[in-house]
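A.B. asks: Hey, dropping entry37.cif in here, mmCIF, C-alpha atoms:
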data_final
#
loop_
_atom_site.label_atom_id
_atom_site.label_comp_id
_atom_site.auth_asym_id
_atom_site.auth_seq_id
_atom_site.Cartn_x
_atom_site.Cartn_y
_atom_site.Cartn_z
CA MET A 1 -38.04 4.27 1.79
CA THR A 2 -37.94 5.02 5.49
CA ALA A 3 -36.94 2.99 8.52
CA PRO A 4 -39.78 1.60 10.67
CA VAL A 5 -41.22 3.73 13.46
CA PHE A 6 -41.63 1.91 16.80
CA GLU A 7 -43.89 3.00 19.65
CA THR A 8 -43.87 1.20 23.01
CA PHE A 9 -46.47 1.19 25.79
CA GLY A 10 -46.26 -0.39 29.23
CA CYS A 11 -43.56 -2.27 31.09
CA ARG A 12 -39.81 -2.59 30.81
CA LEU A 13 -40.23 -6.05 29.27
CA ASN A 14 -42.21 -4.51 26.42
CA ALA A 15 -39.40 -2.01 25.88
CA TYR A 16 -36.96 -4.93 25.87
CA GLU A 17 -38.97 -6.71 23.20
CA THR A 18 -39.26 -3.58 21.09
CA GLU A 19 -35.47 -3.55 20.87
CA ALA A 20 -35.56 -7.17 19.70
CA MET A 21 -38.18 -6.26 17.06
CA LYS A 22 -35.99 -3.42 15.83
CA GLU A 23 -33.17 -5.91 15.26
CA LEU A 24 -35.52 -8.28 13.43
CA ALA A 25 -36.91 -5.47 11.29
CA THR A 26 -33.39 -4.40 10.33
CA LYS A 27 -32.30 -7.96 9.61
CA HIS A 28 -35.24 -8.59 7.27
CA GLY A 29 -35.18 -5.18 5.61
CA VAL A 30 -38.59 -3.99 6.77
CA GLU A 31 -39.25 -0.40 5.70
CA ASN A 32 -42.02 2.19 5.75
CA ALA A 33 -43.86 0.64 8.68
CA VAL A 34 -45.24 1.77 12.03
CA VAL A 35 -45.06 -0.83 14.81
CA VAL A 36 -47.03 -0.25 18.01
CA ASN A 37 -46.18 -2.52 20.97
CA THR A 38 -49.24 -2.31 23.22
CA CYS A 39 -49.98 -2.84 26.92
CA ALA A 40 -53.10 -4.51 28.31
CA VAL A 41 -52.72 -3.81 32.02
CA THR A 42 -55.69 -1.39 32.08
CA ALA A 43 -58.55 -0.43 29.80
CA GLU A 44 -57.05 3.05 29.72
CA ALA A 45 -53.81 1.64 28.31
CA VAL A 46 -55.76 0.07 25.45
CA ARG A 47 -57.63 3.34 24.80
CA GLN A 48 -54.37 5.28 24.70
CA ALA A 49 -52.86 2.75 22.28
CA ARG A 50 -55.81 3.10 19.89
CA GLN A 51 -55.54 6.87 20.06
CA ARG A 52 -51.82 6.76 19.38
CA ILE A 53 -52.26 4.37 16.44
CA ARG A 54 -54.59 6.84 14.75
CA ARG A 55 -52.12 9.68 15.28
CA LEU A 56 -49.13 7.66 14.02
CA ALA A 57 -51.05 6.58 10.92
CA LYS A 58 -51.91 10.21 10.21
CA ASP A 59 -48.33 11.37 10.78
CA ASN A 60 -46.89 8.59 8.58
CA PRO A 61 -49.08 8.48 5.46
CA GLY A 62 -48.55 5.38 3.38
CA ALA A 63 -46.81 3.47 6.16
CA ARG A 64 -48.04 0.00 7.09
CA VAL A 65 -49.34 -0.08 10.65
CA ILE A 66 -48.59 -3.24 12.63
CA VAL A 67 -49.98 -3.67 16.16
CA THR A 68 -48.52 -6.15 18.65
CA GLY A 69 -48.01 -6.59 22.40
CA CYS A 70 -50.25 -7.71 25.23
CA ALA A 71 -53.39 -5.83 24.14
CA ALA A 72 -53.00 -7.23 20.63
CA GLN A 73 -52.69 -10.70 22.18
CA THR A 74 -55.74 -10.41 24.44
CA GLU A 75 -58.09 -8.54 22.10
CA PRO A 76 -56.78 -8.76 18.52
CA GLU A 77 -60.18 -8.09 16.98
CA THR A 78 -60.23 -4.63 18.61
CA PHE A 79 -57.19 -3.56 16.62
CA ALA A 80 -57.98 -5.54 13.46
CA ALA A 81 -61.22 -3.57 13.23
CA MET A 82 -59.30 -0.29 13.00
CA PRO A 83 -59.02 0.85 9.35
CA GLU A 84 -55.52 2.22 10.03
CA VAL A 85 -54.18 -1.23 11.03
CA GLU A 86 -52.80 -3.60 8.42
CA LEU A 87 -51.65 -6.47 10.65
CA VAL A 88 -52.01 -7.64 14.26
CA LEU A 89 -49.16 -9.76 15.67
CA GLY A 90 -49.34 -11.78 18.89
CA ASN A 91 -46.66 -11.76 21.59
CA LEU A 92 -45.15 -14.97 20.24
CA GLU A 93 -45.22 -13.88 16.62
CA LYS A 94 -43.62 -10.48 17.22
CA VAL A 95 -40.29 -12.07 18.15
CA GLN A 96 -40.23 -14.66 15.38
CA GLY A 97 -38.24 -14.07 12.25
CA LYS A 98 -40.89 -15.60 9.97
CA ALA A 99 -43.37 -12.89 10.91
CA TRP A 100 -40.89 -10.17 9.97
CA GLU A 101 -40.10 -11.87 6.68
CA ARG A 102 -43.73 -11.30 5.73
CA LEU A 103 -43.35 -7.59 6.39
CA THR A 104 -40.55 -7.16 3.89
CA ALA A 105 -41.50 -4.63 1.22
CA PRO A 106 -42.73 -5.01 -1.47
CA ALA A 107 -43.72 -8.65 -1.01
CA PHE A 108 -45.82 -8.22 2.13
CA VAL A 109 -49.50 -9.07 1.68
CA PRO A 110 -51.45 -9.29 4.94
CA PRO A 111 -53.75 -12.25 5.53
CA PRO A 112 -57.43 -11.45 4.94
CA GLU A 113 -58.22 -11.58 8.64
CA LYS A 114 -55.27 -9.27 9.47
CA ILE A 115 -54.55 -11.34 12.60
CA LEU A 116 -51.50 -13.51 13.33
CA VAL A 117 -52.02 -14.46 16.98
CA GLU A 118 -51.34 -17.94 18.34
CA ASP A 119 -52.41 -19.43 21.68
CA ILE A 120 -49.93 -17.88 24.14
CA MET A 121 -50.69 -20.62 26.69
CA GLU A 122 -48.88 -23.12 24.47
CA ALA A 123 -45.57 -21.28 24.83
CA THR A 124 -43.05 -23.33 26.83
CA GLU A 125 -39.86 -21.27 26.59
CA THR A 126 -38.61 -17.75 26.06
CA ALA A 127 -37.40 -16.73 22.62
CA GLY A 128 -33.66 -17.26 22.37
CA HIS A 129 -32.79 -14.03 20.57
CA LEU A 130 -34.44 -11.98 23.32
CA ILE A 131 -31.76 -13.04 25.76
CA ASP A 132 -29.23 -10.64 24.26
CA GLY A 133 -30.57 -7.85 26.47
CA PHE A 134 -30.65 -4.15 25.76
CA GLY A 135 -29.90 -1.00 27.63
CA THR A 136 -29.41 2.70 27.68
CA ARG A 137 -25.85 3.97 27.84
CA ALA A 138 -26.19 3.75 31.63
CA ARG A 139 -27.63 0.32 32.41
CA ALA A 140 -28.59 -2.89 30.65
CA TYR A 141 -31.75 -4.95 31.07
CA VAL A 142 -31.79 -8.73 30.84
CA GLN A 143 -34.95 -10.79 30.57
CA VAL A 144 -34.76 -13.84 32.83
CA GLN A 145 -38.42 -14.83 32.88
CA ASN A 146 -41.69 -14.33 30.99
CA GLY A 147 -45.35 -15.13 31.69
CA CYS A 148 -47.20 -15.83 34.93
CA ASP A 149 -48.79 -18.92 36.48
CA HIS A 150 -50.92 -16.95 38.94
CA ARG A 151 -54.43 -15.74 38.23
CA CYS A 152 -55.08 -12.58 40.22
CA THR A 153 -58.69 -11.61 39.70
CA PHE A 154 -57.91 -8.12 38.34
CA CYS A 155 -55.13 -9.09 35.95
CA ILE A 156 -55.30 -9.80 32.22
CA ILE A 157 -51.52 -10.14 31.79
CA PRO A 158 -51.27 -13.99 31.97
CA TYR A 159 -53.54 -14.11 28.93
CA GLY A 160 -51.20 -11.74 27.13
CA ARG A 161 -47.94 -13.34 28.26
CA GLY A 162 -48.82 -16.99 28.85
CA ASN A 163 -47.57 -19.20 31.65
CA SER A 164 -44.24 -18.67 33.40
CA ARG A 165 -41.09 -19.58 31.44
CA SER A 166 -37.56 -19.19 32.77
CA VAL A 167 -34.28 -18.46 31.02
CA PRO A 168 -31.64 -20.97 32.23
CA ALA A 169 -29.09 -19.54 34.66
CA GLY A 170 -26.13 -20.32 32.43
CA VAL A 171 -27.61 -18.36 29.55
CA VAL A 172 -28.29 -15.39 31.84
CA VAL A 173 -24.76 -15.44 33.25
CA ASP A 174 -23.20 -15.59 29.78
CA GLN A 175 -25.27 -12.63 28.63
CA ILE A 176 -24.38 -10.50 31.65
CA LYS A 177 -20.70 -11.33 31.16
CA ARG A 178 -20.94 -9.95 27.62
CA LEU A 179 -22.70 -6.82 28.86
CA VAL A 180 -20.05 -6.20 31.51
CA GLU A 181 -17.32 -6.69 28.89
CA ALA A 182 -19.17 -4.11 26.76
CA GLY A 183 -18.80 -1.59 29.58
CA TYR A 184 -22.10 -1.70 31.45
CA ASN A 185 -21.78 -1.00 35.17
CA GLU A 186 -25.35 -1.94 36.09
CA VAL A 187 -27.61 -4.79 34.98
CA VAL A 188 -31.32 -5.05 35.79
CA LEU A 189 -33.05 -8.44 35.83
CA THR A 190 -36.53 -8.22 34.31
CA GLY A 191 -39.56 -10.48 33.97
CA VAL A 192 -43.32 -10.64 34.43
CA ASP A 193 -43.29 -12.65 37.68
CA MET A 194 -39.66 -12.62 38.78
CA THR A 195 -39.99 -14.77 41.88
CA SER A 196 -41.39 -17.64 39.82
CA TRP A 197 -38.05 -17.90 38.02
CA GLY A 198 -36.81 -21.48 38.09
CA ASP A 199 -40.14 -23.22 38.72
CA ASP A 200 -40.02 -24.76 35.24
CA LEU A 201 -36.31 -25.58 35.26
CA PRO A 202 -34.70 -28.87 36.43
CA GLY A 203 -34.48 -28.91 40.21
CA LYS A 204 -36.71 -25.81 40.49
CA PRO A 205 -33.94 -23.41 41.58
CA PRO A 206 -35.21 -20.23 43.31
CA LEU A 207 -34.51 -16.68 42.14
CA GLY A 208 -31.99 -16.24 44.97
CA ASP A 209 -29.83 -18.98 43.46
CA LEU A 210 -29.72 -17.12 40.16
CA VAL A 211 -28.80 -13.84 41.87
CA GLN A 212 -26.02 -15.44 43.92
CA ARG A 213 -24.69 -17.26 40.86
CA ILE A 214 -24.52 -14.03 38.86
CA LEU A 215 -22.69 -12.20 41.64
CA LYS A 216 -20.26 -15.06 42.22
CA LEU A 217 -19.39 -15.75 38.59
CA ILE A 218 -19.20 -12.13 37.42
CA PRO A 219 -16.99 -10.32 39.97
CA ASP A 220 -16.54 -7.34 37.62
CA LEU A 221 -20.27 -6.53 37.64
CA ARG A 222 -20.53 -3.32 39.69
CA ARG A 223 -24.30 -3.28 40.25
CA LEU A 224 -27.10 -5.83 39.98
CA ARG A 225 -30.69 -4.68 40.33
CA ILE A 226 -33.97 -6.63 40.50
CA SER A 227 -36.91 -4.96 38.77
CA SER A 228 -39.83 -6.26 40.89
CA ILE A 229 -40.69 -9.18 43.16
CA ASP A 230 -43.64 -10.79 44.88
CA SER A 231 -42.54 -10.53 48.51
CA ILE A 232 -44.37 -13.67 49.68
CA GLU A 233 -42.26 -15.73 47.25
CA ALA A 234 -38.88 -14.26 48.21
CA ASP A 235 -36.63 -17.24 49.02
CA PRO A 236 -33.92 -17.48 51.74
CA ALA A 237 -31.10 -17.34 49.19
CA LEU A 238 -32.44 -14.03 47.87
CA ILE A 239 -32.68 -12.56 51.36
CA ASP A 240 -29.17 -13.78 52.08
CA ALA A 241 -27.90 -12.05 48.94
CA ILE A 242 -29.67 -8.83 49.90
CA ALA A 243 -28.09 -8.96 53.35
CA SER A 244 -24.54 -9.90 52.35
CA GLU A 245 -23.84 -8.63 48.84
CA ARG A 246 -23.34 -4.87 48.47
CA ARG A 247 -23.36 -5.14 44.69
CA LEU A 248 -27.04 -6.11 44.84
CA MET A 249 -28.81 -2.77 44.98
CA PRO A 250 -30.78 -1.95 48.19
CA HIS A 251 -34.00 -1.19 46.32
CA LEU A 252 -36.86 -3.65 46.01
CA HIS A 253 -40.11 -2.93 44.21
CA LEU A 254 -42.87 -5.06 45.72
CA SER A 255 -46.07 -6.31 44.13
CA LEU A 256 -48.35 -5.59 47.12
CA GLN A 257 -51.51 -4.25 45.40
CA ALA A 258 -53.50 -3.65 48.61
CA GLY A 259 -53.25 -3.45 52.38
CA ASP A 260 -56.60 -4.95 53.40
CA ASP A 261 -56.90 -8.70 53.94
CA MET A 262 -60.38 -9.04 52.45
CA ILE A 263 -59.40 -7.14 49.33
CA LEU A 264 -56.21 -9.20 49.03
CA LYS A 265 -58.30 -12.38 49.19
CA ARG A 266 -60.71 -11.06 46.58
CA MET A 267 -57.74 -10.18 44.41
CA LYS A 268 -56.56 -13.79 44.88
CA ARG A 269 -53.20 -12.60 46.11
CA ARG A 270 -50.94 -15.01 47.96
CA HIS A 271 -50.14 -12.80 50.95
CA LEU A 272 -51.97 -10.94 53.69
CA ARG A 273 -51.31 -7.52 55.17
CA ASP A 274 -49.16 -8.81 58.03
CA ASP A 275 -47.05 -10.84 55.59
CA ALA A 276 -46.09 -7.66 53.74
CA ILE A 277 -45.27 -5.79 56.95
CA GLN A 278 -43.23 -8.70 58.30
CA PHE A 279 -41.28 -9.01 55.04
CA CYS A 280 -40.35 -5.33 55.09
CA GLU A 281 -39.35 -5.44 58.76
CA GLU A 282 -37.22 -8.56 58.40
CA THR A 283 -35.56 -7.41 55.19
CA ARG A 284 -34.78 -4.03 56.74
CA LYS A 285 -33.13 -5.85 59.67
CA ALA A 286 -31.05 -7.84 57.18
CA ARG A 287 -30.02 -4.67 55.34
CA SER A 288 -30.60 -1.35 57.03
CA ASP A 289 -30.29 0.78 53.88
CA ILE A 290 -32.98 -1.11 51.93
CA ILE A 291 -35.62 1.07 50.25
CA PHE A 292 -38.99 -0.28 49.15
CA GLY A 293 -41.25 0.67 46.31
CA ALA A 294 -44.64 -0.93 45.70
CA ASP A 295 -47.59 -1.29 43.34
CA ILE A 296 -50.90 -0.42 44.99
CA ILE A 297 -54.35 -0.46 43.36
CA ALA A 298 -56.91 2.14 44.44
CA GLY A 299 -60.61 1.34 44.26
CA PHE A 300 -60.61 -2.41 43.68
CA PRO A 301 -64.20 -3.75 43.46
CA THR A 302 -66.00 -3.92 46.86
CA GLU A 303 -63.33 -1.72 48.51
CA THR A 304 -64.94 0.32 51.30
CA ASP A 305 -63.51 3.44 52.89
CA ALA A 306 -62.25 1.37 55.82
CA MET A 307 -60.59 -1.14 53.49
CA PHE A 308 -58.92 1.68 51.60
CA GLU A 309 -57.62 3.14 54.85
CA ASN A 310 -55.79 -0.13 55.45
CA SER A 311 -54.04 0.28 52.11
CA LEU A 312 -53.24 3.89 52.88
CA LYS A 313 -51.78 2.95 56.28
CA LEU A 314 -49.69 0.24 54.65
CA VAL A 315 -47.47 2.96 53.17
CA GLU A 316 -46.29 3.86 56.68
CA ASP A 317 -46.55 0.38 58.18
CA CYS A 318 -44.23 -1.07 55.52
CA GLY A 319 -42.08 2.04 55.24
CA LEU A 320 -42.68 2.33 51.49
CA THR A 321 -40.97 5.08 49.51
CA TRP A 322 -41.46 4.77 45.75
CA LEU A 323 -45.14 4.12 44.98
CA HIS A 324 -46.73 3.09 41.70
CA VAL A 325 -50.42 3.86 42.22
CA PHE A 326 -52.95 2.34 39.84
CA PRO A 327 -56.59 3.49 39.85
CA TYR A 328 -58.53 0.26 39.37
CA SER A 329 -59.50 -0.27 35.75
CA LYS A 330 -62.16 -2.81 34.82
CA ARG A 331 -60.78 -5.44 32.43
CA GLN A 332 -63.35 -7.56 30.63
CA GLY A 333 -62.63 -11.26 30.97
CA THR A 334 -61.31 -11.03 34.53
CA PRO A 335 -63.24 -12.17 37.63
CA ALA A 336 -62.93 -8.70 39.20
CA ALA A 337 -64.91 -7.22 36.30
CA ARG A 338 -67.94 -9.16 37.55
CA MET A 339 -67.63 -7.89 41.14
CA PRO A 340 -69.51 -4.82 42.48
CA GLN A 341 -67.54 -1.82 41.21
CA VAL A 342 -66.40 1.26 43.14
CA HIS A 343 -67.59 4.61 41.76
CA GLY A 344 -65.07 6.28 39.47
CA THR A 345 -64.93 9.47 41.54
CA ALA A 346 -64.03 7.50 44.67
CA ILE A 347 -61.32 5.63 42.76
CA LYS A 348 -59.72 8.88 41.62
CA GLU A 349 -59.89 10.37 45.13
CA ARG A 350 -58.30 7.30 46.70
CA ALA A 351 -55.55 7.19 44.07
CA ALA A 352 -54.83 10.85 44.79
CA GLN A 353 -54.56 10.14 48.53
CA LEU A 354 -52.13 7.29 47.91
CA ARG A 355 -50.00 9.43 45.62
CA ALA A 356 -49.96 12.22 48.19
CA ALA A 357 -48.84 9.76 50.88
CA GLY A 358 -46.11 8.57 48.56
CA GLU A 359 -44.94 12.12 47.90
CA VAL A 360 -44.65 12.71 51.64
CA ARG A 361 -42.58 9.56 52.04
CA VAL A 362 -40.31 10.50 49.13
CA ALA A 363 -39.76 14.02 50.47
CA LYS A 364 -38.92 12.64 53.92
CA TYR A 365 -36.47 10.11 52.48
CA LEU A 366 -34.74 12.64 50.22
CA ALA A 367 -34.39 15.18 53.04
CA GLY A 368 -32.67 12.50 55.11
CA GLU A 369 -30.15 11.92 52.32
CA VAL A 370 -28.90 15.51 52.31
CA GLY A 371 -25.35 15.65 53.67
CA GLN A 372 -24.57 12.06 52.61
CA VAL A 373 -22.07 10.91 50.01
CA ARG A 374 -23.56 8.38 47.58
CA ASP A 375 -22.39 6.49 44.51
CA VAL A 376 -24.45 7.56 41.52
CA LEU A 377 -24.79 5.84 38.14
CA MET A 378 -25.03 8.60 35.54
CA GLU A 379 -28.00 8.28 33.17
CA SER A 380 -27.33 11.58 31.40
CA PRO A 381 -24.60 14.23 31.73
CA SER A 382 -26.55 15.97 34.52
CA GLN A 383 -28.64 13.21 36.17
CA GLY A 384 -28.12 9.81 37.71
CA ARG A 385 -29.45 7.32 40.26
CA THR A 386 -28.19 6.31 43.68
CA GLU A 387 -28.04 2.69 44.73
CA ALA A 388 -31.52 3.15 46.26
CA PHE A 389 -32.77 4.55 42.93
CA ALA A 390 -33.11 8.19 44.02
CA MET A 391 -32.65 10.67 41.18
CA VAL A 392 -29.67 13.02 41.62
CA GLU A 393 -29.16 16.24 39.68
CA PHE A 394 -25.65 17.63 39.16
CA GLY A 395 -24.59 21.19 38.49
CA GLU A 396 -21.73 20.05 36.27
CA ASN A 397 -21.72 17.40 33.56
CA GLN A 398 -20.56 13.92 34.47
CA PRO A 399 -19.60 10.92 32.24
CA VAL A 400 -22.73 8.96 31.23
CA GLY A 401 -22.67 5.31 32.29
CA GLU A 402 -20.01 5.86 34.95
CA ILE A 403 -20.50 5.57 38.71
CA VAL A 404 -19.43 8.79 40.43
CA SER A 405 -19.21 9.83 44.06
CA ALA A 406 -21.76 12.55 44.86
CA ASP A 407 -21.95 15.00 47.75
CA LEU A 408 -25.69 15.49 48.31
CA ILE A 409 -26.28 19.13 49.20
CA ASP A 410 -30.04 19.63 48.81
CA SER A 411 -33.37 17.93 48.06
CA ARG A 412 -36.29 18.93 45.90
CA ALA A 413 -39.75 17.44 45.42
CA ASP A 414 -38.60 14.29 43.62
CA ARG A 415 -34.80 14.40 43.50
CA LEU A 416 -31.54 15.20 45.22
CA VAL A 417 -29.00 17.87 44.27
CA ALA A 418 -25.27 17.08 44.20
#
For this file, write the structure as structure tokens.

C.D. replies:
Amino acid sequence: MTAPVFETFGCRLNAYETEAMKELATKHGVENAVVVNTCAVTAEAVRQARQRIRRLAKDNPGARVIVTGCAAQTEPETFAAMPEVELVLGNLEKVQGKAWERLTAPAFVPPPEKILVEDIMEATETAGHLIDGFGTRARAYVQVQNGCDHRCTFCIIPYGRGNSRSVPAGVVVDQIKRLVEAGYNEVVLTGVDMTSWGDDLPGKPPLGDLVQRILKLIPDLRRLRISSIDSIEADPALIDAIASERRLMPHLHLSLQAGDDMILKRMKRRHLRDDAIQFCEETRKARSDIIFGADIIAGFPTETDAMFENSLKLVEDCGLTWLHVFPYSKRQGTPAARMPQVHGTAIKERAAQLRAAGEVRVAKYLAGEVGQVRDVLMESPSQGRTEAFAMVEFGENQPVGEIVSADLIDSRADRLVA
């Protein structure tokens, strides 16, 4: 018999949970199975998952195909209808031991409906075993939060992840201590809606309190990184940590989504254009070496050329560097799907313009780094990341997982040369 094959789509949290599923599969002796952990963020992500499932089933004849993740949670019938699929697991079920017990060969018999998906909105806490974190040899990722209480009109994710649930600070600190003792030099805090951390805990502590507590109680932690935040919810303690603690990396990825006030309102976002600009300006004053990334959606329903120009100009107005550009994808079941849609050609053209603007910003930033000496965390023998998350390529092999001092001698399209 063969070990299970795992395939992961989507976010870092999905990758985190895949590692937890691997441990559960090993613990319960699951064999000869293909497990696909899906993403629901766009209709294209669902299409790609279906395509990949067919290919994996063909490449692994006789293997049981199990589909899980956010797309399996939001539209289980879509995957249950596929003849290649034997079982569909929800986001709660995929991290529960009892589900994996049922997959143990040869006793596994799928239910007639092929679907094991509970109501994700009833979840009130994160799964304990997920808090053990995972990482590459370079950095470790720790889940501190799951779910989202907001209801942006374009987003299906709350229906795949449920409402916001926080991991208590003490549990997070204990886990990071173990990771540091295991030799990790960098830890990344992950979640679905990071800045909502603490809202469901006693006293409603803000994310900044967690960050400061980690840095205070774990002095041997070399680097702490935050995966993504909603800038309008950044609390004073977080800004204070950014300004005063050099071990907190000067790279923030912002959930901005658009740069036009009307589109932001129709998205049901909680900030306006000026809020984003002000946040970037004030944070840059607090820490001059801060670098911003951002998510921006191109072609949201009703977006005119003038509205799009406001998003395009936001790249310069906020001083953004690392862009994640998403062509708007209609998701059934969301309010935005019922709004007047932008033509697909226009969406692609606008996404291309945003990506081009991002490439210009990256090239400008990298050129300005040439001649500097930066600390780089090695991800492979020849590549690593600076504190601001710029990729650095080395001519000679370096020790993976170590932080090395790098003389930056040149820049290319998307990386520096040391």

A.B. asks: Tell me, counting all atoms listed in the file, for each residue of stretch 245-301 of chain A within 10 Å of stretch 389-402 of chain A, which pair of atoms is nearest and how far apart they are in Å to one decimal, in rows ordered by chain and increasing number, as a Markdown table.

C.D. replies:
| residue | atom | partner | partner_atom | distance |
| --- | --- | --- | --- | --- |
| A:Met249 | CA | A:Phe389 | CA | 8.6 |
| A:Pro250 | CA | A:Phe389 | CA | 8.6 |
| A:His251 | CA | A:Phe389 | CA | 6.8 |
| A:Leu252 | CA | A:Phe389 | CA | 9.7 |
| A:Ile291 | CA | A:Phe389 | CA | 8.6 |
| A:Gly293 | CA | A:Phe389 | CA | 9.9 |

A.B. asks: Just how far from atom CA of A:Thr74 is atom CA of A:Asp119, in Å to one decimal?

C.D. replies: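 For atom CA of A:Asp119 relative to atom CA of A:Thr74, the distance reads 10.0 Å.
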
A.B. asks: If the PyMOL selection byres ((chain A and resi 344) around 12) were run on this exact file, what residues would it hold? Put them as a PDB file with C-alpha atoms, in the coordinates of the input.

C.D. replies:
ATOM      1  CA  ALA A 298     -56.910   2.140  44.440  1.00  0.00           C
ATOM      2  CA  GLY A 299     -60.610   1.340  44.260  1.00  0.00           C
ATOM      3  CA  PHE A 300     -60.610  -2.410  43.680  1.00  0.00           C
ATOM      4  CA  PRO A 301     -64.200  -3.750  43.460  1.00  0.00           C
ATOM      5  CA  PRO A 327     -56.590   3.490  39.850  1.00  0.00           C
ATOM      6  CA  TYR A 328     -58.530   0.260  39.370  1.00  0.00           C
ATOM      7  CA  SER A 329     -59.500  -0.270  35.750  1.00  0.00           C
ATOM      8  CA  LYS A 330     -62.160  -2.810  34.820  1.00  0.00           C
ATOM      9  CA  GLN A 341     -67.540  -1.820  41.210  1.00  0.00           C
ATOM     10  CA  VAL A 342     -66.400   1.260  43.140  1.00  0.00           C
ATOM     11  CA  HIS A 343     -67.590   4.610  41.760  1.00  0.00           C
ATOM     12  CA  THR A 345     -64.930   9.470  41.540  1.00  0.00           C
ATOM     13  CA  ALA A 346     -64.030   7.500  44.670  1.00  0.00           C
ATOM     14  CA  ILE A 347     -61.320   5.630  42.760  1.00  0.00           C
ATOM     15  CA  LYS A 348     -59.720   8.880  41.620  1.00  0.00           C
ATOM     16  CA  GLU A 349     -59.890  10.370  45.130  1.00  0.00           C
ATOM     17  CA  ARG A 350     -58.300   7.300  46.700  1.00  0.00           C
ATOM     18  CA  ALA A 351     -55.550   7.190  44.070  1.00  0.00           C
TER      19      ALA A 351
END

A.B. asks: Using the chain letters and numbers from the file, give me the residues hit by the PyMOL selection byres ((chain A and resi 413) around 9), as a list in words.

C.D. replies: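 Those residues are Glu359, Val362, Ala363, Leu366, Ser411, Arg412, Asp414, Arg415 and Leu416 of chain A.
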
A.B. asks: Around stretch 306-323 of chain A, with edges along x, y and z and 5 Å added on all six sides, what centre and edge lengths do you get, in Å to one decimal, as JSON?

C.D. replies:
{"center_x": -51.6, "center_y": 2.0, "center_z": 51.6, "size_x": 31.3, "size_y": 16.2, "size_z": 23.2}

A.B. asks: Give as a PyMOL selection string the residues that the PyMOL selection byres ((chain A and resi 46-48) around 12) matches when applied to the coordinates above.

C.D. replies: chain A and resi 7-10+36-45+49-55+67-76+78-79+156+329-332

A.B. asks: With distances taken over all atoms listed in the file, which of A:Arg139, A:Lys313, A:Lys265, A:His271 is nearest to A:Ala234?

C.D. replies: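 The shortest atom-to-atom distance to A:Ala234 comes from A:His271.
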
A.B. asks: Would you work out the distance separating atom CA of A:Asn91 from atom CA of A:Arg151, expressed in Å to one decimal?

C.D. replies: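 Pair atom CA of A:Asn91 / atom CA of A:Arg151 returns 18.8 Å.
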